[in-house]
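Reading through the structure tokens given below for one structure.
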Amino acid sequence: MLLLGSLRARYRAALKASSPMQHLPLFADLQHRAVLVVGGGVVAERRVALLLEAGAAITVIAPELTERLGELAADGRFTHQARAFAADSIEPYWLVIAATDDRAVNAAVAAAAGAAKRFCNVVDDKELCTFIMPAIVDRAPVTIAIGSSGLSPVLARWIKGVIETLLPARLGALAELAGRWRQRVREQVTDPTERRHFWERVVTGVVAEHAFAGRDSDADQALELALSSWGSDDIARRGEAYLVGAGPGGIDLITIRGRQLLATADVVLYDRLASAELLQYARRDAELICVGKTPRRPSISQKQLNRLLVSLVQSGKRVCRLKGGDPFIFGRGGEELEALAEAGLKFQVVPGVSAAEGCAAYAGIPLTLRGVSQAVLLTTGHTRDDGTPIIGKHQPGQTLALYMGVAQYAELSSALIANGYSPEAPVAVVESGTTDRQRVVRTVLGSLAAAQVALEIQPPALLIVGETTRYAERFGWFAPSKIEHFSDESATERARVSYRQNSNKAAP
Ligand SMILES: C[S@@+](CC[C@H](N)C(=O)[O-])C[C@H]1O[C@@H](n2cnc3c(N)ncnc32)[C@H](O)[C@@H]1O
């Protein structure tokens, strides 16, 4: 918990580094409120139709109207002032829309609105706008607004199309039902966290299924049942841990399931390696706790972390344990599950793209390749407690992917050579793989340690040893990635000598 403050700051800084929001989306209540539209053409017609749906009290100033607008005016749906906009007062209006085809008139409207501090939308003129109109997905009472800060309305409409296909047509029915039951649920489930859990169960369970299928009375009954049985199970049973693989760094490499669970969690325990940007997918009120271990810095021990995880779940929280890469590949996920299982708590595990897969793909290095490499071994570059690396004998046709151990590349390459790997074996180090900082260093095993020092290779880095690393130039596709070649002939020669001595010793 001690780390929380500084790590929250790190998260905020990461978010700040991305481009600032240009428009704050707001949902305006325009029922019976005065809105001015200047212009009577086709564009104004579309704006008027939308404002009528929102229940606004519209005044249109325009010498002429389209046929449709004329009909609406004749029906008394809005007030028409048949004249050009002059130095009109904007004071009576909450919002102003300039929709003429004359830029000078539009600019005059925008200036008058600015002087009166009224928000003004000028159709197709981003510079003059103080608010912009989003593309809308309408599942009333649910409304989704999509904006591109005025840069690409076509893109916003395309996104609207995508969202339209994802959302059930009767989503609004579920929202109506929630509105009807809101007060009763609030009275019966008084704890806010509990209540949120209750509603989450409603919107993802059988109640929602009935509502989406048009069985409104079944939905009501199911909700009644859920409410009457809520609270009869004990709190710990509602808590759950989600061990979620965040992927190796690129923010879009988390799975859909992982993101869903991240978005429902009450608490997120995240690693140093899990991209800080991913935390924006957590709930706004979720508690974010960094439990990552930083080499040579005080940090939470694995035992403390297991205890924290268990106690949070026992208190009824849904805890997303967001781990870099895959939770079960050098992620200590097994130890955390052991602690949860021992305490009899619920958990789920969501796999992630591991560093070996991510780095290989983004560096253009196939881990296996027909006729070149038939096996891949994921192992660690760390040494045993006595300092000796954990490395097996050389296997022809095998690619090695070594996690961790950047500071021990000298010991590691010596151990590999002692185990039959050639000093000329091609290797690649992928530093900060899948991120915009990705760098690929290509060298040979005998020059690896020298490369680490000369090129200042920093963690996180993944070492790949094997023939397929030669494909990095040919298959490298990830544009931000840099590729550097390194060779230190004297270091490689020393490695050759030691390799020959080893081979002679091994010979009968
Ligand atoms: C404690 S292990 C965690 C591995 C993780 N569970 C996985 O499946 O990728 C940390 C090591 O993974 C590797 N690693 C993780 N992210 C990486 C990245 N973006 N680029 C290169 N290596 C990475 C490095 O070798 C790092 O030292």
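Labels used: A, B, ... for chains in the order of the structure tokens, numbers from 1 for residues in each chain, and numbers from 1 for ligands as shown.
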Counting only C-alpha atoms and all ligand atoms, which residues of chain A fall within 8 Å of ligand 1, and what is the closest atom pair for each with its distance in Å at one decimal, ordered by chain and rising number, as a tab-separated table?
residue	atom	partner	partner_atom_place_in_ligand_line	distance
A:Gly245	CA	ligand 1	6 (N)	7.5
A:Gly247	CA	ligand 1	9 (O)	6.8
A:Pro248	CA	ligand 1	16 (N)	4.4
A:Gly249	CA	ligand 1	19 (N)	4.9
A:Gly250	CA	ligand 1	19 (N)	7.7
A:Leu273	CA	ligand 1	16 (N)	6.0
A:Lys323	CA	ligand 1	6 (N)	6.5
A:Gly324	CA	ligand 1	5 (C)	5.0
A:Gly325	CA	ligand 1	7 (C)	3.4
A:Asp326	CA	ligand 1	8 (O)	3.8
A:Pro327	CA	ligand 1	6 (N)	5.2
A:Phe328	CA	ligand 1	6 (N)	6.5
A:Ile329	CA	ligand 1	8 (O)	4.5
A:Phe330	CA	ligand 1	6 (N)	4.8
A:Gly331	CA	ligand 1	6 (N)	3.9
A:Arg332	CA	ligand 1	6 (N)	7.7
A:Gly352	CA	ligand 1	8 (O)	7.0
A:Val353	CA	ligand 1	8 (O)	6.6
A:Ser354	CA	ligand 1	8 (O)	3.6
A:Ala355	CA	ligand 1	9 (O)	3.6
A:Ala356	CA	ligand 1	9 (O)	6.4
A:Gly358	CA	ligand 1	19 (N)	7.6
A:Cys359	CA	ligand 1	20 (N)	6.0
A:Thr380	CA	ligand 1	25 (O)	7.8
A:Gly381	CA	ligand 1	25 (O)	8.0
A:Leu402	CA	ligand 1	25 (O)	6.6
A:Tyr403	CA	ligand 1	25 (O)	3.4
A:Met404	CA	ligand 1	27 (O)	3.4
A:Gly405	CA	ligand 1	27 (O)	6.7
A:Val406	CA	ligand 1	27 (O)	7.5
A:Val430	CA	ligand 1	21 (C)	5.4
A:Glu431	CA	ligand 1	21 (C)	4.8
A:Ser432	CA	ligand 1	20 (N)	3.7
A:Gly433	CA	ligand 1	20 (N)	3.6
A:Thr434	CA	ligand 1	19 (N)	5.9
A:Thr435	CA	ligand 1	19 (N)	6.7
A:Gln438	CA	ligand 1	20 (N)	7.5
A:Pro459	CA	ligand 1	27 (O)	5.7
A:Pro460	CA	ligand 1	24 (C)	4.3
A:Ala461	CA	ligand 1	21 (C)	3.7
A:Leu462	CA	ligand 1	22 (N)	4.1
A:Leu463	CA	ligand 1	25 (O)	7.2
So that I can see what lies close to A:Gly214, please list as a JSON list (two decimals) with N, CA and C atoms, in the first residue's frame the residues with an atom at most 10 Å from it, counting only C-alpha atoms and leaving out residues fewer than 5 positions away in the same chain.
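Contents of selection-v4.json, freshly written:
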[["chain", "number", "residue", "atom", "x", "y", "z"],
["A", 170, "ARG", "N", -32.43, -4.23, -28.09],
["A", 170, "ARG", "CA", -33.30, -3.90, -26.96],
["A", 170, "ARG", "C", -32.52, -3.52, -25.70],
["A", 173, "ALA", "N", -34.41, -1.46, -23.26],
["A", 173, "ALA", "CA", -35.37, -2.11, -22.36],
["A", 173, "ALA", "C", -34.70, -2.47, -21.03],
["A", 174, "LEU", "N", -33.45, -2.88, -21.12],
["A", 174, "LEU", "CA", -32.73, -3.22, -19.88],
["A", 174, "LEU", "C", -32.49, -1.96, -19.05],
["A", 208, "ALA", "N", -30.84, -9.73, -18.00],
["A", 208, "ALA", "CA", -30.55, -9.04, -19.27],
["A", 208, "ALA", "C", -30.99, -9.90, -20.45],
["A", 209, "GLU", "N", -30.77, -11.20, -20.36],
["A", 209, "GLU", "CA", -31.16, -12.07, -21.49],
["A", 209, "GLU", "C", -32.66, -11.97, -21.77],
["A", 219, "ALA", "N", -38.14, -10.75, -17.21],
["A", 219, "ALA", "CA", -36.98, -10.00, -16.72],
["A", 219, "ALA", "C", -37.28, -9.43, -15.34]]
**Prompt:** Restricting the calculation to only C-alpha atoms, which member of A:Val372, A:Ala415, A:Val244, A:Ala479 is positioned closest to A:Val319?
**Reply:** A:Val244
**Request:** Name the residues of stretch 1-223 of chain A that come out as strand (DSSP E or B) in a backbone DSSP run; write them as a PyMOL selection string.
**Result:** chain A and resi 34-38+57-61+79-81+95-98+119-122+135-139+142-146
**Prompt:** Can you tell me how far atom CA of A:Leu227 sits from atom CA of A:Val185, in Å to one decimal?
**Reply:**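 Atom-to-atom, atom CA of A:Leu227 and atom CA of A:Val185 are spaced 7.3 Å apart.
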**Complete:** If you count only C-alpha atoms, the residue of A:Ala113, A:Leu369, A:Ile58, A:Ala135 closest to A:Leu30 turns out to be A:Ile58
**Request:** DSSP on the backbone, then: every residue of stretch 348-444 of chain A marked helix (DSSP H, G or I), written as a list in words.
**Result:** Ala355, Ala356, Glu357, Gly358, Cys359, Ala360, Ala361, Tyr362, Ala363, Val406, Ala407, Gln408, Tyr409, Ala410, Glu411, Leu412, Ser413, Ser414, Ala415, Leu416, Ile417 and Ala418 of chain A
Written file, previous selection with N, CA, C and O atoms, as a short mmCIF file (atom, residue, chain, number, x, y, z; two decimals), in the first residue's frame:
data_model
loop_
_atom_site.label_atom_id
_atom_site.label_comp_id
_atom_site.auth_asym_id
_atom_site.auth_seq_id
_atom_site.Cartn_x
_atom_site.Cartn_y
_atom_site.Cartn_z
N ALA A 355 6.17 -12.73 -23.48
CA ALA A 355 7.22 -11.92 -24.11
C ALA A 355 7.85 -12.65 -25.29
O ALA A 355 8.15 -12.04 -26.32
N ALA A 356 8.03 -13.97 -25.18
CA ALA A 356 8.68 -14.70 -26.28
C ALA A 356 7.84 -14.60 -27.55
O ALA A 356 8.36 -14.31 -28.64
N GLU A 357 6.54 -14.80 -27.40
CA GLU A 357 5.67 -14.73 -28.58
C GLU A 357 5.60 -13.30 -29.12
O GLU A 357 5.71 -13.06 -30.32
N GLY A 358 5.40 -12.35 -28.19
CA GLY A 358 5.24 -10.95 -28.61
C GLY A 358 6.51 -10.42 -29.25
O GLY A 358 6.47 -9.84 -30.33
N CYS A 359 7.65 -10.64 -28.57
CA CYS A 359 8.92 -10.09 -29.08
C CYS A 359 9.27 -10.74 -30.42
O CYS A 359 9.71 -10.07 -31.36
N ALA A 360 9.07 -12.07 -30.51
CA ALA A 360 9.41 -12.76 -31.76
C ALA A 360 8.56 -12.22 -32.90
O ALA A 360 9.07 -11.88 -33.97
N ALA A 361 7.25 -12.10 -32.65
CA ALA A 361 6.35 -11.63 -33.71
C ALA A 361 6.71 -10.21 -34.14
O ALA A 361 6.77 -9.91 -35.33
N TYR A 362 6.95 -9.33 -33.16
CA TYR A 362 7.19 -7.92 -33.50
C TYR A 362 8.62 -7.68 -34.00
O TYR A 362 8.92 -6.60 -34.50
N ALA A 363 9.49 -8.68 -33.84
CA ALA A 363 10.85 -8.53 -34.38
C ALA A 363 11.00 -9.31 -35.68
O ALA A 363 12.08 -9.28 -36.29
N VAL A 406 19.49 -9.96 -18.02
CA VAL A 406 20.29 -9.07 -18.88
C VAL A 406 21.66 -8.79 -18.25
O VAL A 406 22.68 -8.78 -18.95
N ALA A 407 21.69 -8.60 -16.93
CA ALA A 407 22.95 -8.27 -16.27
C ALA A 407 23.90 -9.47 -16.24
O ALA A 407 25.07 -9.33 -15.87
N GLN A 408 23.40 -10.65 -16.61
CA GLN A 408 24.24 -11.85 -16.51
C GLN A 408 24.55 -12.45 -17.88
O GLN A 408 24.80 -13.65 -17.98
N TYR A 409 24.52 -11.62 -18.92
CA TYR A 409 24.75 -12.16 -20.25
C TYR A 409 26.15 -12.78 -20.38
O TYR A 409 26.33 -13.73 -21.15
N ALA A 410 27.14 -12.29 -19.62
CA ALA A 410 28.49 -12.87 -19.72
C ALA A 410 28.46 -14.32 -19.21
O ALA A 410 28.90 -15.25 -19.92
N GLU A 411 27.90 -14.52 -18.00
CA GLU A 411 27.82 -15.87 -17.43
C GLU A 411 26.95 -16.76 -18.31
O GLU A 411 27.25 -17.94 -18.54
N LEU A 412 25.91 -16.16 -18.82
CA LEU A 412 24.94 -16.93 -19.61
C LEU A 412 25.55 -17.44 -20.91
O LEU A 412 25.44 -18.62 -21.27
N SER A 413 26.25 -16.54 -21.63
CA SER A 413 26.83 -16.98 -22.91
C SER A 413 27.93 -18.00 -22.65
O SER A 413 28.05 -18.99 -23.39
N SER A 414 28.71 -17.83 -21.54
CA SER A 414 29.75 -18.83 -21.24
C SER A 414 29.09 -20.18 -20.97
O SER A 414 29.58 -21.23 -21.43
N ALA A 415 27.98 -20.16 -20.21
CA ALA A 415 27.30 -21.43 -19.88
C ALA A 415 26.75 -22.08 -21.14
O ALA A 415 26.84 -23.31 -21.31
N LEU A 416 26.21 -21.29 -22.05
CA LEU A 416 25.67 -21.86 -23.29
C LEU A 416 26.81 -22.47 -24.10
O LEU A 416 26.68 -23.59 -24.64
N ILE A 417 27.93 -21.76 -24.18
CA ILE A 417 29.07 -22.27 -24.96
C ILE A 417 29.60 -23.54 -24.31
O ILE A 417 29.91 -24.53 -24.99
N ALA A 418 29.66 -23.56 -22.97
CA ALA A 418 30.11 -24.77 -22.26
C ALA A 418 29.16 -25.94 -22.51
O ALA A 418 29.55 -27.10 -22.41
#
